[in-house]
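Colleague: Coordinates in structure02.pdb, PDB, C-alpha atoms, are listed below.
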ATOM      1  CA  MET A 561      64.185  -7.440-147.217
ATOM      2  CA  SER A 562      65.161  -4.657-144.847
ATOM      3  CA  GLU A 563      64.974  -5.119-141.083
ATOM      4  CA  ALA A 564      62.345  -2.351-140.800
ATOM      5  CA  THR A 565      59.799  -4.297-142.854
ATOM      6  CA  VAL A 566      59.967  -7.462-140.757
ATOM      7  CA  ALA A 567      56.765  -7.910-138.735
ATOM      8  CA  ASP A 568      57.114  -8.029-134.972
ATOM      9  CA  THR A 569      55.889 -11.485-133.932
ATOM     10  CA  ARG A 570      56.798 -11.298-130.260
ATOM     11  CA  ARG A 571      53.986 -12.273-127.829
ATOM     12  CA  LEU A 572      52.397  -9.460-125.898
ATOM     13  CA  ASN A 573      52.874  -9.651-122.170
ATOM     14  CA  SER A 574      49.443 -10.377-120.672
ATOM     15  CA  LYS A 575      48.496  -9.547-117.115
ATOM     16  CA  PRO A 576      48.278 -12.706-114.988
ATOM     17  CA  GLN A 577      44.779 -13.467-113.684
ATOM     18  CA  ASP A 578      44.448 -13.338-109.901
ATOM     19  CA  LEU A 579      41.905 -15.132-107.705
ATOM     20  CA  THR A 580      39.606 -12.116-107.620
ATOM     21  CA  ASP A 581      39.328 -12.065-111.409
ATOM     22  CA  ALA A 582      38.932 -15.827-111.662
ATOM     23  CA  TYR A 583      36.356 -16.399-108.917
ATOM     24  CA  GLY A 584      34.815 -12.969-108.345
ATOM     25  CA  PRO A 585      31.306 -12.025-109.526
ATOM     26  CA  PRO A 586      30.948 -11.138-113.223
ATOM     27  CA  SER A 587      30.988  -7.472-114.186
ATOM     28  CA  ASN A 588      27.263  -7.537-115.020
ATOM     29  CA  PHE A 589      24.867 -10.256-113.958
ATOM     30  CA  LEU A 590      21.135 -10.766-113.511
ATOM     31  CA  GLU A 591      19.777 -13.956-111.980
ATOM     32  CA  ILE A 592      16.069 -14.638-111.436
ATOM     33  CA  ASP A 593      14.709 -17.833-109.896
ATOM     34  CA  VAL A 594      11.057 -18.840-109.721
ATOM     35  CA  PHE A 595      10.620 -21.484-107.033
ATOM     36  CA  ASP A 596       8.711 -22.667-103.947
ATOM     37  CA  PRO A 597       5.171 -22.907-105.430
ATOM     38  CA  GLN A 598       2.433 -22.756-102.785
ATOM     39  CA  THR A 599      -1.254 -23.451-103.399
ATOM     40  CA  ILE A 600      -3.690 -21.620-101.136
ATOM     41  CA  GLY A 601      -7.444 -21.105-100.874
ATOM     42  CA  VAL A 602     -10.371 -23.408-101.647
ATOM     43  CA  GLY A 603     -12.852 -23.788-104.468
ATOM     44  CA  ARG A 604     -12.896 -20.900-106.931
ATOM     45  CA  ASN A 605     -10.545 -18.906-104.712
ATOM     46  CA  ARG A 606      -7.793 -21.513-104.945
ATOM     47  CA  PHE A 607      -4.591 -20.459-106.677
ATOM     48  CA  THR A 608      -0.834 -21.053-106.701
ATOM     49  CA  THR A 609       1.844 -18.474-105.922
ATOM     50  CA  TYR A 610       5.534 -18.635-106.764
ATOM     51  CA  GLU A 611       8.507 -17.005-105.125
ATOM     52  CA  VAL A 612      10.451 -14.760-107.515
ATOM     53  CA  ARG A 613      13.987 -14.068-106.324
ATOM     54  CA  MET A 614      16.325 -11.691-108.145
ATOM     55  CA  LYS A 615      20.041 -10.998-107.716
ATOM     56  CA  THR A 616      21.867  -8.447-109.837
ATOM     57  CA  ASN A 617      24.506  -5.748-109.883
ATOM     58  CA  LEU A 618      22.979  -3.785-112.762
ATOM     59  CA  PRO A 619      22.724  -0.085-111.833
ATOM     60  CA  ILE A 620      19.223   0.216-113.332
ATOM     61  CA  PHE A 621      17.733  -1.770-110.423
ATOM     62  CA  LYS A 622      17.285  -0.016-107.097
ATOM     63  CA  LEU A 623      17.568  -3.237-105.067
ATOM     64  CA  LYS A 624      20.376  -5.659-105.806
ATOM     65  CA  GLU A 625      18.521  -8.519-104.117
ATOM     66  CA  SER A 626      14.762  -8.916-103.881
ATOM     67  CA  CYS A 627      12.244 -11.657-103.216
ATOM     68  CA  VAL A 628       8.489 -11.420-103.847
ATOM     69  CA  ARG A 629       5.578 -13.796-104.327
ATOM     70  CA  ARG A 630       3.625 -13.730-107.576
ATOM     71  CA  ARG A 631       0.788 -15.741-109.121
ATOM     72  CA  TYR A 632       0.154 -16.566-112.767
ATOM     73  CA  SER A 633      -2.173 -13.573-113.248
ATOM     74  CA  ASP A 634       0.660 -11.252-112.143
ATOM     75  CA  PHE A 635       2.856 -12.610-114.934
ATOM     76  CA  GLU A 636      -0.053 -12.007-117.333
ATOM     77  CA  TRP A 637      -0.309  -8.415-116.101
ATOM     78  CA  LEU A 638       3.397  -7.839-116.727
ATOM     79  CA  LYS A 639       3.162  -9.268-120.237
ATOM     80  CA  ASN A 640       0.175  -7.058-121.093
ATOM     81  CA  GLU A 641       1.873  -3.927-119.728
ATOM     82  CA  LEU A 642       5.038  -4.542-121.738
ATOM     83  CA  GLU A 643       3.093  -5.233-124.923
ATOM     84  CA  ARG A 644       1.201  -1.969-124.475
ATOM     85  CA  ASP A 645       3.996   0.402-123.418
ATOM     86  CA  SER A 646       7.302  -0.978-124.678
ATOM     87  CA  LYS A 647       8.710  -1.582-128.152
ATOM     88  CA  ILE A 648       9.997  -5.102-127.555
ATOM     89  CA  VAL A 649       8.679  -8.445-128.735
ATOM     90  CA  VAL A 650       7.335 -10.054-125.558
ATOM     91  CA  PRO A 651       7.824 -13.844-125.383
ATOM     92  CA  PRO A 652       4.776 -16.034-124.732
ATOM     93  CA  LEU A 653       3.730 -17.247-121.309
ATOM     94  CA  PRO A 654       3.015 -20.884-120.482
ATOM     95  CA  GLY A 655      -0.543 -21.725-121.566
ATOM     96  CA  LYS A 656      -3.553 -21.225-119.280
ATOM     97  CA  ALA A 657      -4.436 -24.934-119.573
ATOM     98  CA  LEU A 658      -8.179 -24.301-119.781
ATOM     99  CA  LYS A 659      -8.984 -28.017-120.126
ATOM    100  CA  ARG A 660      -7.369 -28.650-116.762
ATOM    101  CA  GLN A 661      -9.758 -26.126-115.202
ATOM    102  CA  LEU A 662     -12.919 -27.952-116.264
ATOM    103  CA  PRO A 663     -15.084 -29.310-113.407
ATOM    104  CA  PHE A 664     -15.567 -32.983-112.556
ATOM    105  CA  ARG A 665     -12.033 -33.989-113.453
ATOM    106  CA  GLY A 666     -10.545 -37.098-111.937
ATOM    107  CA  ASP A 667      -7.328 -35.314-111.005
ATOM    108  CA  GLU A 668      -6.188 -32.060-109.432
ATOM    109  CA  GLY A 669      -6.157 -30.203-112.761
ATOM    110  CA  ILE A 670      -3.937 -27.127-112.634
ATOM    111  CA  PHE A 671      -3.003 -27.971-109.050
ATOM    112  CA  GLU A 672      -1.279 -31.262-109.862
ATOM    113  CA  GLU A 673       2.369 -31.212-108.820
ATOM    114  CA  SER A 674       3.629 -32.146-112.283
ATOM    115  CA  PHE A 675       1.676 -29.308-113.930
ATOM    116  CA  ILE A 676       2.740 -26.777-111.304
ATOM    117  CA  GLU A 677       6.385 -27.720-111.854
ATOM    118  CA  GLU A 678       5.975 -27.434-115.635
ATOM    119  CA  ARG A 679       4.374 -23.997-115.252
ATOM    120  CA  ARG A 680       7.050 -22.867-112.768
ATOM    121  CA  ALA A 681       9.808 -23.698-115.269
ATOM    122  CA  GLY A 682       7.950 -21.844-118.038
ATOM    123  CA  LEU A 683       7.437 -18.764-115.860
ATOM    124  CA  GLU A 684      11.114 -18.745-114.884
ATOM    125  CA  GLN A 685      12.154 -18.862-118.528
ATOM    126  CA  PHE A 686       9.691 -16.075-119.371
ATOM    127  CA  ILE A 687      10.814 -13.636-116.685
ATOM    128  CA  ASN A 688      14.515 -14.211-117.383
ATOM    129  CA  ARG A 689      14.042 -13.481-121.071
ATOM    130  CA  ILE A 690      12.076 -10.326-120.272
ATOM    131  CA  ALA A 691      14.391  -8.982-117.561
ATOM    132  CA  GLY A 692      17.456  -9.630-119.721
ATOM    133  CA  HIS A 693      16.198  -7.284-122.449
ATOM    134  CA  PRO A 694      17.847  -3.806-122.193
ATOM    135  CA  LEU A 695      14.658  -1.974-123.218
ATOM    136  CA  ALA A 696      12.446  -3.904-120.805
ATOM    137  CA  GLN A 697      14.828  -3.041-117.960
ATOM    138  CA  ASN A 698      13.758   0.605-118.278
ATOM    139  CA  GLU A 699      10.066  -0.145-117.798
ATOM    140  CA  ARG A 700       8.590   0.704-114.412
ATOM    141  CA  CYS A 701       6.186  -2.249-114.544
ATOM    142  CA  LEU A 702       9.110  -4.695-114.595
ATOM    143  CA  HIS A 703      10.703  -3.056-111.554
ATOM    144  CA  MET A 704       7.397  -3.163-109.691
ATOM    145  CA  PHE A 705       6.905  -6.827-110.589
ATOM    146  CA  LEU A 706      10.386  -7.852-109.426
ATOM    147  CA  GLN A 707      10.932  -5.630-106.398
ATOM    148  CA  ASP A 708       7.672  -4.321-104.914
ATOM    149  CA  GLU A 709       5.852  -6.376-102.312
ATOM    150  CA  SER A 710       2.530  -5.813-104.067
ATOM    151  CA  ILE A 711       1.606  -4.695-107.581
ATOM    152  CA  ASP A 712      -0.262  -1.432-107.990
ATOM    153  CA  ARG A 713      -2.534  -2.039-110.986
ATOM    154  CA  ASN A 714      -3.370   1.694-111.043
ATOM    155  CA  TYR A 715       0.243   2.811-111.391
ATOM    156  CA  ILE A 716       1.347   5.402-113.950
ATOM    157  CA  PRO A 717       3.505   3.761-116.657
ATOM    158  CA  GLY A 718       6.911   5.313-117.181
ATOM    159  CA  LYS A 719      10.627   4.805-117.583
ATOM    160  CA  VAL A 720      13.132   4.178-114.827
ATOM    161  CA  LEU A 721      16.218   6.403-114.838
ATOM    162  CA  VAL A 722      19.618   4.905-114.051
ATOM    163  CA  ASN A 723      20.849   8.129-112.439
ATOM    164  CA  PRO A 724      17.810  10.235-111.533
ATOM    165  CA  PRO A 725      18.266  14.026-111.433
ATOM    166  CA  PRO A 726      18.815  15.696-108.041
ATOM    167  CA  CYS A 727      15.771  16.328-105.932
ATOM    168  CA  PRO A 728      14.304  19.756-106.788
ATOM    169  CA  GLY A 729      13.120  20.439-103.258
ATOM    170  CA  PRO A 730      12.371  19.115 -99.749
ATOM    171  CA  ASN A 731       9.109  17.522-100.874
ATOM    172  CA  CYS A 732      10.718  15.528-103.665
ATOM    173  CA  SER A 733       9.462  11.958-104.043
ATOM    174  CA  THR A 734       9.456   9.036-106.432
ATOM    175  CA  SER A 735       6.524  10.621-108.263
ATOM    176  CA  SER A 736       8.741  13.622-109.030
ATOM    177  CA  PHE A 737      11.304  11.386-110.692
ATOM    178  CA  LEU A 738       8.517   9.676-112.640
ATOM    179  CA  HIS A 739       7.183  13.044-113.783
ATOM    180  CA  ILE A 740      10.630  14.095-115.004
ATOM    181  CA  SER A 741      11.058  10.775-116.825
ATOM    182  CA  GLN A 742       7.699  11.129-118.555
ATOM    183  CA  SER A 743       8.504  14.719-119.530
ATOM    184  CA  LEU A 744      11.758  13.627-121.125
ATOM    185  CA  SER A 745       9.989  10.874-123.074
ATOM    186  CA  GLN A 746       7.548  13.469-124.464
ATOM    187  CA  LEU A 747      10.285  15.918-125.441
ATOM    188  CA  PRO A 748      10.474  14.965-129.176
ATOM    189  CA  SER A 749       6.744  15.521-129.698
ATOM    190  CA  MET A 750       6.915  18.815-127.782
ATOM    191  CA  ILE A 751       9.745  20.046-129.999
ATOM    192  CA  PHE A 752       7.761  19.120-133.126
ATOM    193  CA  CYS A 753       4.694  21.007-131.901
ATOM    194  CA  MET A 754       6.787  24.089-131.103
ATOM    195  CA  TYR A 755       8.289  23.990-134.591
ATOM    196  CA  PHE A 756       4.885  23.449-136.231
ATOM    197  CA  TYR A 757       3.212  26.370-134.486
ATOM    198  CA  SER A 758       6.227  28.619-135.035
ATOM    199  CA  GLN A 759       5.892  27.979-138.782
ATOM    200  CA  ILE A 760       2.205  28.867-138.688
ATOM    201  CA  GLU A 761       2.992  32.093-136.852
ATOM    202  CA  LEU A 762       5.798  32.902-139.318
ATOM    203  CA  ASP A 763       3.505  32.348-142.317
ATOM    204  CA  TYR A 764       0.820  34.524-140.744
ATOM    205  CA  ASN A 765       3.282  37.348-140.030
ATOM    206  CA  THR A 766       4.593  37.187-143.609
ATOM    207  CA  TYR A 767       1.069  37.317-144.991
ATOM    208  CA  PHE A 768       0.152  40.263-142.734
ATOM    209  CA  THR A 769       3.282  42.196-143.774
ATOM    210  CA  LEU A 770       2.582  41.669-147.474
ATOM    211  CA  ARG A 771      -0.995  42.869-147.062
ATOM    212  CA  MET A 772       0.195  45.998-145.255
ATOM    213  CA  ASN A 773       2.774  46.791-147.951
ATOM    214  CA  SER A 774       0.300  46.253-150.787
ATOM    215  CA  SER A 775      -2.187  48.636-149.232
TER
END
Mind turning this structure into structure tokens?

Modeller:
Amino acid sequence: MSEATVADTRRLNSKPQDLTDAYGPPSNFLEIDVFDPQTIGVGRNRFTTYEVRMKTNLPIFKLKESCVRRRYSDFEWLKNELERDSKIVVPPLPGKALKRQLPFRGDEGIFEESFIEERRAGLEQFINRIAGHPLAQNERCLHMFLQDESIDRNYIPGKVLVNPPPCPGPNCSTSSFLHISQSLSQLPSMIFCMYFYSQIELDYNTYFTLRMNSS
């Protein structure tokens, strides 16, 4: 066997790992904690809120650290918005525990500490699964849920851009970016309509020319 056909089995020289690589933050991370449940109100107006804290270095999120308070109905709102506007399979929420809400119970029902802790863990699992999905990360409702102090139920659904285009003028605002994002999402249907109507016009012009020539 000639020397040229012998495989080179020498080990490749690898770069030694320094302390920054070993103990520094990962290249991409997203951490969401649901904690500190607080029950407020009395009677029918009694409910429990949870603190939702997010830390990330993903460029899609405007804030790298945020902390808001949300109640169970806010998680329901997020789930419904994603099911309506996105193309992902949304995981289930913890159950509403309707039996625990019946009157004349001998316990605290949905306000028992053990149930609140069980629901908190379920909500934390839900929001981490949602926020970790690449398609869900582009939805404006998720960003509002995680980073806005309050949720605007009358918001206009849309996509969030990683690198938004430059501001077109001095009066540029977030709504301008949203409008551009929505326009881009409608571009395929606009192109189809332009092609469809151009074909109709072409067929009409051909028909008109043939009629003129025949006469």

Colleague: In terms of the shortest atom-to-atom distance over only C-alpha atoms, which of A:Leu658, A:Glu668, A:Asp593, A:Asp645 is closest to Lys719 in chain A?

Modeller: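 That would be A:Asp645, the residue with the smallest distance to Lys719 in chain A.
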
Colleague: Counting all atoms listed in the file, figure out which residue out of A:Cys701, A:Ile676, A:Leu638, A:Leu590 gets nearest to Phe607 in chain A.

Modeller: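 Once distances to Phe607 in chain A are computed over all atoms listed in the file, the minimum belongs to A:Ile676.
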
Colleague: Report as a ChimeraX atom specification the residues that result from applying the PyMOL selection byres ((chain A and resi 691-695) around 12) to the structure here.

Modeller: /A:588-593,614-616,618,620-621,638-639,642,645-651,684-690,696-703,705-706,719-721

Colleague: Of the candidates A:Phe595, A:Trp637, A:Tyr715, A:Phe671, which one gets nearest to Tyr610 in chain A if we count all atoms listed in the file?

Modeller: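 Of all the options, A:Phe595 lies closest to Tyr610 in chain A.
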
Colleague: In Å, how far is it from CA of Arg613 in chain A to CA of Arg679 in chain A?

Modeller: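 Spanning CA of Arg613 in chain A to CA of Arg679 in chain A is a straight-line distance of 16.5 Å.
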